[in-house]
$ cat my_file-v9.txt   # compact mmCIF, N, CA and C atoms
# COMPACT_ATOMS: atom_id res chain seq x y z
N MET A 1 0.85 -1.18 0.00
CA MET A 1 0.00 0.00 0.00
C MET A 1 0.89 1.24 0.00
N HIS A 2 0.38 2.31 -0.62
CA HIS A 2 1.18 3.50 -0.75
C HIS A 2 0.27 4.73 -0.78
N ILE A 3 0.56 5.68 0.04
CA ILE A 3 -0.10 6.98 -0.02
C ILE A 3 0.98 7.93 -0.51
N SER A 4 0.68 8.61 -1.61
CA SER A 4 1.71 9.44 -2.25
C SER A 4 2.19 10.54 -1.31
N MET A 5 3.38 11.05 -1.62
CA MET A 5 3.95 12.13 -0.82
C MET A 5 3.17 13.42 -0.99
N LYS A 6 2.33 13.51 -2.01
CA LYS A 6 1.56 14.74 -2.21
C LYS A 6 0.71 15.05 -0.98
N CYS A 7 0.22 14.01 -0.31
CA CYS A 7 -0.61 14.23 0.87
C CYS A 7 0.20 14.86 1.99
N SER A 8 1.40 14.36 2.26
CA SER A 8 2.21 14.94 3.33
C SER A 8 2.67 16.35 2.95
N ILE A 9 2.93 16.58 1.68
CA ILE A 9 3.28 17.94 1.23
C ILE A 9 2.10 18.88 1.46
N ALA A 10 0.90 18.40 1.15
CA ALA A 10 -0.30 19.22 1.34
C ALA A 10 -0.51 19.55 2.81
N VAL A 11 -0.36 18.57 3.69
CA VAL A 11 -0.53 18.82 5.13
C VAL A 11 0.53 19.82 5.59
N HIS A 12 1.76 19.65 5.15
CA HIS A 12 2.84 20.58 5.46
C HIS A 12 2.42 22.01 5.07
N CYS A 13 1.94 22.15 3.84
CA CYS A 13 1.52 23.45 3.33
C CYS A 13 0.37 24.03 4.15
N LEU A 14 -0.61 23.20 4.47
CA LEU A 14 -1.79 23.69 5.21
C LEU A 14 -1.42 24.14 6.62
N ILE A 15 -0.54 23.39 7.29
CA ILE A 15 -0.09 23.83 8.62
C ILE A 15 0.70 25.13 8.49
N PHE A 16 1.55 25.24 7.48
CA PHE A 16 2.32 26.46 7.25
C PHE A 16 1.37 27.64 7.01
N ILE A 17 0.37 27.43 6.16
CA ILE A 17 -0.61 28.48 5.87
C ILE A 17 -1.30 28.93 7.16
N TYR A 18 -1.69 27.97 7.97
CA TYR A 18 -2.36 28.29 9.24
C TYR A 18 -1.43 29.10 10.15
N GLU A 19 -0.20 28.64 10.27
CA GLU A 19 0.76 29.30 11.17
C GLU A 19 1.14 30.69 10.67
N ALA A 20 1.15 30.90 9.38
CA ALA A 20 1.59 32.17 8.80
C ALA A 20 0.49 33.23 8.73
N LYS A 21 -0.75 32.84 9.04
CA LYS A 21 -1.87 33.78 8.91
C LYS A 21 -1.58 35.06 9.70
N GLY A 22 -1.66 36.18 8.99
CA GLY A 22 -1.42 37.47 9.60
C GLY A 22 0.05 37.82 9.79
N LYS A 23 0.95 36.89 9.45
CA LYS A 23 2.38 37.13 9.64
C LYS A 23 3.13 37.22 8.32
N ALA A 24 2.71 36.41 7.35
CA ALA A 24 3.43 36.38 6.06
C ALA A 24 2.46 35.97 4.97
N ARG A 25 2.75 36.42 3.77
CA ARG A 25 1.98 36.01 2.60
C ARG A 25 2.56 34.68 2.15
N VAL A 26 1.73 33.65 2.11
CA VAL A 26 2.20 32.30 1.78
C VAL A 26 2.12 32.08 0.28
N THR A 27 3.29 31.93 -0.32
CA THR A 27 3.38 31.72 -1.77
C THR A 27 3.98 30.35 -2.05
N SER A 28 3.89 29.92 -3.28
CA SER A 28 4.48 28.64 -3.67
C SER A 28 6.00 28.66 -3.50
N THR A 29 6.62 29.82 -3.72
CA THR A 29 8.07 29.93 -3.54
C THR A 29 8.44 29.75 -2.07
N LEU A 30 7.70 30.38 -1.19
CA LEU A 30 7.95 30.25 0.25
C LEU A 30 7.76 28.80 0.70
N LEU A 31 6.70 28.18 0.24
CA LEU A 31 6.43 26.79 0.62
C LEU A 31 7.43 25.82 -0.01
N ALA A 32 7.92 26.16 -1.18
CA ALA A 32 8.94 25.32 -1.81
C ALA A 32 10.20 25.31 -0.93
N GLN A 33 10.53 26.45 -0.37
CA GLN A 33 11.69 26.52 0.53
C GLN A 33 11.44 25.69 1.79
N SER A 34 10.24 25.75 2.32
CA SER A 34 9.92 25.02 3.54
C SER A 34 9.85 23.51 3.32
N THR A 35 9.25 23.09 2.21
CA THR A 35 9.05 21.66 1.95
C THR A 35 10.23 21.00 1.25
N GLY A 36 11.04 21.80 0.56
CA GLY A 36 12.12 21.25 -0.25
C GLY A 36 11.64 20.76 -1.61
N CYS A 37 10.41 21.11 -1.96
CA CYS A 37 9.82 20.73 -3.25
C CYS A 37 9.98 21.85 -4.26
N ASN A 38 9.84 21.51 -5.50
CA ASN A 38 9.82 22.48 -6.57
C ASN A 38 8.54 23.32 -6.46
N PRO A 39 8.60 24.64 -6.72
CA PRO A 39 7.40 25.47 -6.66
C PRO A 39 6.26 24.95 -7.56
N VAL A 40 6.61 24.29 -8.66
CA VAL A 40 5.58 23.74 -9.55
C VAL A 40 4.78 22.66 -8.82
N VAL A 41 5.44 21.85 -8.02
CA VAL A 41 4.75 20.82 -7.23
C VAL A 41 3.80 21.49 -6.26
N ILE A 42 4.26 22.55 -5.61
CA ILE A 42 3.42 23.28 -4.65
C ILE A 42 2.22 23.88 -5.38
N ARG A 43 2.42 24.46 -6.55
CA ARG A 43 1.30 25.04 -7.30
C ARG A 43 0.30 23.96 -7.69
N ASN A 44 0.77 22.76 -8.03
CA ASN A 44 -0.15 21.66 -8.35
C ASN A 44 -0.95 21.23 -7.12
N VAL A 45 -0.28 21.18 -5.98
CA VAL A 45 -0.98 20.86 -4.72
C VAL A 45 -2.00 21.96 -4.42
N PHE A 46 -1.59 23.22 -4.56
CA PHE A 46 -2.50 24.34 -4.34
C PHE A 46 -3.73 24.23 -5.24
N SER A 47 -3.51 23.90 -6.50
CA SER A 47 -4.60 23.79 -7.45
C SER A 47 -5.63 22.75 -7.00
N ALA A 48 -5.15 21.60 -6.56
CA ALA A 48 -6.06 20.54 -6.10
C ALA A 48 -6.79 20.96 -4.83
N LEU A 49 -6.07 21.58 -3.89
CA LEU A 49 -6.70 22.02 -2.63
C LEU A 49 -7.70 23.14 -2.88
N LYS A 50 -7.39 24.01 -3.83
CA LYS A 50 -8.31 25.10 -4.18
C LYS A 50 -9.58 24.54 -4.82
N LYS A 51 -9.41 23.61 -5.74
CA LYS A 51 -10.55 22.98 -6.41
C LYS A 51 -11.46 22.27 -5.41
N ALA A 52 -10.86 21.73 -4.34
CA ALA A 52 -11.63 21.03 -3.31
C ALA A 52 -12.25 21.98 -2.28
N GLY A 53 -11.97 23.28 -2.42
CA GLY A 53 -12.53 24.27 -1.49
C GLY A 53 -11.84 24.31 -0.14
N ILE A 54 -10.61 23.84 -0.07
CA ILE A 54 -9.86 23.82 1.19
C ILE A 54 -9.07 25.11 1.37
N ILE A 55 -8.54 25.65 0.27
CA ILE A 55 -7.80 26.91 0.33
C ILE A 55 -8.30 27.85 -0.75
N LYS A 56 -7.93 29.12 -0.59
CA LYS A 56 -8.11 30.09 -1.67
C LYS A 56 -6.76 30.76 -1.87
N VAL A 57 -6.50 31.10 -3.11
CA VAL A 57 -5.22 31.71 -3.47
C VAL A 57 -5.50 33.04 -4.14
N ALA A 58 -4.88 34.10 -3.61
CA ALA A 58 -5.08 35.43 -4.17
C ALA A 58 -4.40 35.52 -5.54
N ARG A 59 -5.07 36.13 -6.48
CA ARG A 59 -4.50 36.33 -7.82
C ARG A 59 -3.40 37.38 -7.76
N GLY A 60 -2.52 37.32 -8.72
CA GLY A 60 -1.47 38.33 -8.83
C GLY A 60 -0.32 38.06 -7.88
N ALA A 61 -0.30 38.81 -6.79
CA ALA A 61 0.81 38.72 -5.84
C ALA A 61 0.83 37.39 -5.10
N GLY A 62 -0.27 36.66 -5.15
CA GLY A 62 -0.32 35.35 -4.50
C GLY A 62 -0.67 35.45 -3.04
N GLY A 63 -0.57 34.35 -2.39
CA GLY A 63 -0.92 34.28 -0.97
C GLY A 63 -2.08 33.31 -0.80
N ALA A 64 -1.87 32.27 -0.02
CA ALA A 64 -2.89 31.25 0.19
C ALA A 64 -3.48 31.37 1.59
N GLU A 65 -4.76 31.06 1.70
CA GLU A 65 -5.46 31.07 2.98
C GLU A 65 -6.37 29.85 3.05
N LEU A 66 -6.64 29.40 4.26
CA LEU A 66 -7.59 28.32 4.45
C LEU A 66 -9.00 28.85 4.21
N CYS A 67 -9.85 28.05 3.59
CA CYS A 67 -11.24 28.43 3.36
C CYS A 67 -12.16 27.95 4.49
N LYS A 68 -11.66 27.02 5.28
CA LYS A 68 -12.46 26.42 6.35
C LYS A 68 -11.65 26.44 7.63
N ASP A 69 -12.34 26.28 8.72
CA ASP A 69 -11.67 26.12 10.00
C ASP A 69 -10.91 24.79 9.99
N PRO A 70 -9.71 24.75 10.57
CA PRO A 70 -8.95 23.50 10.57
C PRO A 70 -9.70 22.30 11.16
N SER A 71 -10.65 22.56 12.05
CA SER A 71 -11.43 21.45 12.64
C SER A 71 -12.40 20.84 11.62
N GLU A 72 -12.64 21.54 10.52
CA GLU A 72 -13.56 21.05 9.48
C GLU A 72 -12.83 20.36 8.33
N ILE A 73 -11.51 20.41 8.34
CA ILE A 73 -10.71 19.83 7.26
C ILE A 73 -10.15 18.50 7.74
N THR A 74 -10.55 17.42 7.11
CA THR A 74 -10.06 16.10 7.51
C THR A 74 -8.91 15.66 6.61
N LEU A 75 -8.15 14.70 7.13
CA LEU A 75 -7.07 14.14 6.34
C LEU A 75 -7.63 13.47 5.08
N HIS A 76 -8.82 12.90 5.19
CA HIS A 76 -9.43 12.28 4.01
C HIS A 76 -9.76 13.34 2.95
N MET A 77 -10.25 14.50 3.37
CA MET A 77 -10.55 15.58 2.42
C MET A 77 -9.28 16.00 1.68
N ILE A 78 -8.19 16.12 2.43
CA ILE A 78 -6.92 16.54 1.84
C ILE A 78 -6.45 15.48 0.85
N TYR A 79 -6.43 14.24 1.30
CA TYR A 79 -5.97 13.13 0.45
C TYR A 79 -6.84 13.00 -0.79
N ASN A 80 -8.15 13.08 -0.61
CA ASN A 80 -9.08 12.93 -1.72
C ASN A 80 -8.94 14.06 -2.74
N ALA A 81 -8.59 15.26 -2.27
CA ALA A 81 -8.37 16.38 -3.18
C ALA A 81 -7.19 16.09 -4.11
N LEU A 82 -6.18 15.43 -3.58
CA LEU A 82 -4.96 15.16 -4.34
C LEU A 82 -5.02 13.85 -5.12
N GLU A 83 -5.69 12.88 -4.56
CA GLU A 83 -5.76 11.54 -5.15
C GLU A 83 -7.23 11.08 -5.17
N PRO A 84 -8.04 11.61 -6.09
CA PRO A 84 -9.47 11.28 -6.08
C PRO A 84 -9.77 9.78 -6.13
N ASP A 85 -8.95 9.01 -6.79
CA ASP A 85 -9.16 7.56 -6.86
C ASP A 85 -8.18 6.82 -5.96
N GLY A 86 -7.54 7.54 -5.08
CA GLY A 86 -6.45 6.99 -4.29
C GLY A 86 -6.79 5.80 -3.44
N LEU A 87 -7.84 5.90 -2.62
CA LEU A 87 -8.14 4.79 -1.73
C LEU A 87 -8.53 3.53 -2.49
N SER A 88 -9.28 3.68 -3.56
CA SER A 88 -9.70 2.50 -4.31
C SER A 88 -8.54 1.87 -5.07
N SER A 89 -7.42 2.58 -5.20
CA SER A 89 -6.28 2.00 -5.89
C SER A 89 -5.13 1.64 -4.95
N LEU A 90 -5.36 1.74 -3.63
CA LEU A 90 -4.31 1.40 -2.68
C LEU A 90 -3.92 -0.06 -2.77
N ILE A 91 -4.91 -0.92 -2.94
CA ILE A 91 -4.63 -2.35 -3.04
C ILE A 91 -5.14 -2.81 -4.39
N GLY A 92 -4.26 -3.33 -5.20
CA GLY A 92 -4.64 -3.77 -6.53
C GLY A 92 -4.79 -5.28 -6.61
N ILE A 93 -5.51 -5.70 -7.60
CA ILE A 93 -5.68 -7.12 -7.88
C ILE A 93 -5.09 -7.38 -9.27
N HIS A 94 -4.22 -8.32 -9.35
CA HIS A 94 -3.56 -8.62 -10.63
C HIS A 94 -4.58 -9.14 -11.65
N PRO A 95 -4.40 -8.82 -12.92
CA PRO A 95 -5.34 -9.27 -13.95
C PRO A 95 -5.09 -10.75 -14.30
N CYS A 96 -6.11 -11.55 -14.11
CA CYS A 96 -5.93 -12.98 -14.44
C CYS A 96 -7.27 -13.66 -14.73
N GLU A 97 -8.35 -12.89 -14.92
CA GLU A 97 -9.69 -13.45 -15.08
C GLU A 97 -9.83 -14.39 -16.28
N GLY A 98 -9.09 -14.17 -17.35
CA GLY A 98 -9.25 -14.95 -18.57
C GLY A 98 -8.59 -16.33 -18.53
N ARG A 99 -7.99 -16.68 -17.44
CA ARG A 99 -7.29 -17.96 -17.33
C ARG A 99 -8.28 -19.08 -17.01
N LYS A 100 -7.88 -20.30 -17.34
CA LYS A 100 -8.73 -21.47 -17.09
C LYS A 100 -8.74 -21.88 -15.63
N CYS A 101 -7.77 -21.45 -14.89
CA CYS A 101 -7.65 -21.82 -13.48
C CYS A 101 -8.85 -21.30 -12.67
N PRO A 102 -9.50 -22.14 -11.87
CA PRO A 102 -10.66 -21.68 -11.07
C PRO A 102 -10.28 -20.61 -10.04
N VAL A 103 -9.06 -20.67 -9.51
CA VAL A 103 -8.62 -19.63 -8.58
C VAL A 103 -8.53 -18.30 -9.32
N ALA A 104 -7.89 -18.31 -10.49
CA ALA A 104 -7.75 -17.09 -11.29
C ALA A 104 -9.11 -16.52 -11.67
N GLN A 105 -10.06 -17.36 -11.97
CA GLN A 105 -11.39 -16.91 -12.37
C GLN A 105 -12.18 -16.29 -11.22
N ASN A 106 -11.82 -16.61 -10.00
CA ASN A 106 -12.62 -16.15 -8.85
C ASN A 106 -11.88 -15.24 -7.87
N ILE A 107 -10.58 -15.05 -8.05
CA ILE A 107 -9.81 -14.30 -7.06
C ILE A 107 -10.30 -12.86 -6.89
N ARG A 108 -10.69 -12.22 -7.98
CA ARG A 108 -11.19 -10.85 -7.88
C ARG A 108 -12.42 -10.78 -6.96
N LEU A 109 -13.36 -11.69 -7.15
CA LEU A 109 -14.56 -11.71 -6.31
C LEU A 109 -14.23 -12.07 -4.87
N VAL A 110 -13.28 -12.97 -4.67
CA VAL A 110 -12.88 -13.36 -3.33
C VAL A 110 -12.26 -12.18 -2.58
N LEU A 111 -11.48 -11.38 -3.27
CA LEU A 111 -10.76 -10.27 -2.63
C LEU A 111 -11.57 -8.98 -2.52
N GLN A 112 -12.64 -8.86 -3.31
CA GLN A 112 -13.43 -7.61 -3.31
C GLN A 112 -13.92 -7.23 -1.92
N GLY A 113 -14.52 -8.13 -1.21
CA GLY A 113 -15.05 -7.83 0.13
C GLY A 113 -13.98 -7.43 1.11
N PRO A 114 -12.93 -8.26 1.27
CA PRO A 114 -11.88 -7.87 2.21
C PRO A 114 -11.20 -6.55 1.84
N TYR A 115 -10.93 -6.35 0.56
CA TYR A 115 -10.28 -5.11 0.14
C TYR A 115 -11.19 -3.90 0.37
N GLN A 116 -12.48 -4.06 0.17
CA GLN A 116 -13.42 -2.98 0.43
C GLN A 116 -13.46 -2.65 1.92
N ALA A 117 -13.40 -3.68 2.77
CA ALA A 117 -13.38 -3.45 4.22
C ALA A 117 -12.13 -2.67 4.62
N ILE A 118 -10.99 -3.00 4.02
CA ILE A 118 -9.75 -2.27 4.31
C ILE A 118 -9.88 -0.82 3.86
N GLU A 119 -10.39 -0.61 2.67
CA GLU A 119 -10.59 0.75 2.15
C GLU A 119 -11.52 1.55 3.06
N ASP A 120 -12.62 0.94 3.48
CA ASP A 120 -13.57 1.62 4.37
C ASP A 120 -12.92 1.98 5.70
N SER A 121 -12.10 1.08 6.23
CA SER A 121 -11.42 1.32 7.50
C SER A 121 -10.44 2.49 7.38
N ILE A 122 -9.68 2.51 6.29
CA ILE A 122 -8.74 3.60 6.07
C ILE A 122 -9.48 4.92 5.94
N ARG A 123 -10.56 4.94 5.15
CA ARG A 123 -11.35 6.17 4.97
C ARG A 123 -11.89 6.66 6.32
N HIS A 124 -12.44 5.74 7.09
CA HIS A 124 -13.01 6.10 8.40
C HIS A 124 -11.92 6.70 9.31
N THR A 125 -10.75 6.09 9.32
CA THR A 125 -9.65 6.61 10.14
C THR A 125 -9.23 7.99 9.67
N MET A 126 -9.09 8.17 8.35
CA MET A 126 -8.68 9.46 7.81
C MET A 126 -9.73 10.54 8.05
N GLU A 127 -11.00 10.17 8.06
CA GLU A 127 -12.06 11.14 8.34
C GLU A 127 -12.05 11.59 9.79
N GLY A 128 -11.45 10.78 10.67
CA GLY A 128 -11.38 11.13 12.08
C GLY A 128 -10.17 11.97 12.45
N ILE A 129 -9.30 12.23 11.50
CA ILE A 129 -8.10 13.04 11.75
C ILE A 129 -8.30 14.39 11.08
N THR A 130 -8.26 15.45 11.86
CA THR A 130 -8.48 16.79 11.31
C THR A 130 -7.17 17.56 11.22
N LEU A 131 -7.20 18.57 10.39
CA LEU A 131 -6.06 19.47 10.31
C LEU A 131 -5.81 20.09 11.68
N ASP A 132 -6.88 20.39 12.40
CA ASP A 132 -6.76 20.96 13.74
C ASP A 132 -5.97 20.03 14.67
N SER A 133 -6.28 18.73 14.62
CA SER A 133 -5.56 17.79 15.49
C SER A 133 -4.08 17.72 15.10
N MET A 134 -3.78 17.83 13.81
CA MET A 134 -2.38 17.82 13.37
C MET A 134 -1.67 19.11 13.76
N ILE A 135 -2.38 20.23 13.73
CA ILE A 135 -1.82 21.51 14.17
C ILE A 135 -1.53 21.44 15.67
N GLN A 136 -2.46 20.87 16.44
CA GLN A 136 -2.23 20.73 17.89
C GLN A 136 -1.01 19.85 18.16
N ASP A 137 -0.86 18.77 17.40
CA ASP A 137 0.31 17.91 17.55
C ASP A 137 1.59 18.70 17.22
N PHE A 138 1.54 19.49 16.17
CA PHE A 138 2.67 20.33 15.78
C PHE A 138 3.04 21.26 16.94
N HIS A 139 2.06 21.93 17.52
CA HIS A 139 2.32 22.85 18.64
C HIS A 139 2.90 22.11 19.85
N SER A 140 2.38 20.90 20.12
CA SER A 140 2.91 20.11 21.23
C SER A 140 4.38 19.76 21.00
N ARG A 141 4.71 19.44 19.77
CA ARG A 141 6.10 19.09 19.46
C ARG A 141 7.01 20.32 19.56
N LEU A 142 6.47 21.50 19.16
CA LEU A 142 7.26 22.73 19.28
C LEU A 142 7.56 23.05 20.74
N SER A 143 6.56 22.84 21.58
CA SER A 143 6.73 23.18 22.99
C SER A 143 7.44 22.08 23.78
N GLY A 144 7.67 20.93 23.14
CA GLY A 144 8.37 19.84 23.81
C GLY A 144 7.51 19.03 24.75
N THR A 145 6.20 19.12 24.60
CA THR A 145 5.31 18.37 25.51
C THR A 145 4.94 16.99 24.96
N VAL A 146 5.53 16.63 23.82
CA VAL A 146 5.27 15.30 23.25
C VAL A 146 6.48 14.43 23.46
$ encode --input "my_file-v9.txt" --output "structure tokens"
Amino acid sequence: MHISMKCSIAVHCLIFIYEAKGKARVTSTLLAQSTGCNPVVIRNVFSALKKAGIIKVARGAGGAELCKDPSEITLHMIYNALEPDGLSSLIGIHPCEGRKCPVAQNIRLVLQGPYQAIEDSIRHTMEGITLDSMIQDFHSRLSGTV
């Protein structure tokens, strides 16, 4: 299973945006320095988050802001903005239906239920994690209370 790095980059950006509110204009160049990513990667992440209604980006001079309270933004929302088909493709089934083997002919149906249960469990867990909880964890780590 694999969750792309785009999700961690997005969370990094969102926490940075939250922390910088009222202190600095958050641009793709600034976030590229913080994340170590190319500004183009940051702009692609911004585009997906903007399309999902998670952030807004000022035209011209730039500057990103959260559109929602961090308590309303879940990890699943962030991940889904970047990887719309991500959860359903976390676990793949090899193509083998056309074979004469009875196992090959039925393996997809055998695995559908268990794989769906895993996907549902991951989604449920991600929906229970908010940007706010990750920001609180960040603050705890800054203060050394973790």
$ residues_around --input "my_file-v9.txt" --residues "segment 73-76 of chain A" --least-positions-apart "3" --cutoff "9 Å" --atoms "only C-alpha atoms" --output "list in words"
Cys7, Val11, Ile54, Lys68, Asp69, Pro70, Tyr79, Asn80, Ala81, Ile122, Arg123, His124, Thr125, Met126, Glu127, Gly128, Ile129, Thr130, Leu131 and Asp132 of chain A
$ atom_distance --input "my_file-v9.txt" --atom1 "atom CA of Gln112 of chain A" --atom2 "atom CA of Met77 of chain A"
24.1 Å
$ closest_residue --input "my_file-v9.txt" --among "A:Ala104, A:Ile9, A:Leu66, A:Ile17" --to "Asn44 of chain A" --atoms "only C-alpha atoms"
A:Ile9
$ closest_residue --input "my_file-v9.txt" --among "A:Ser8, A:Thr27, A:Ser88, A:Ser34" --to "Gly63 of chain A" --atoms "only N, CA and C atoms"
A:Thr27
$ atom_distance --input "my_file-v9.txt" --atom1 "atom CA of Lys23 of chain A" --atom2 "atom CA of Glu65 of chain A"
11.9 Å
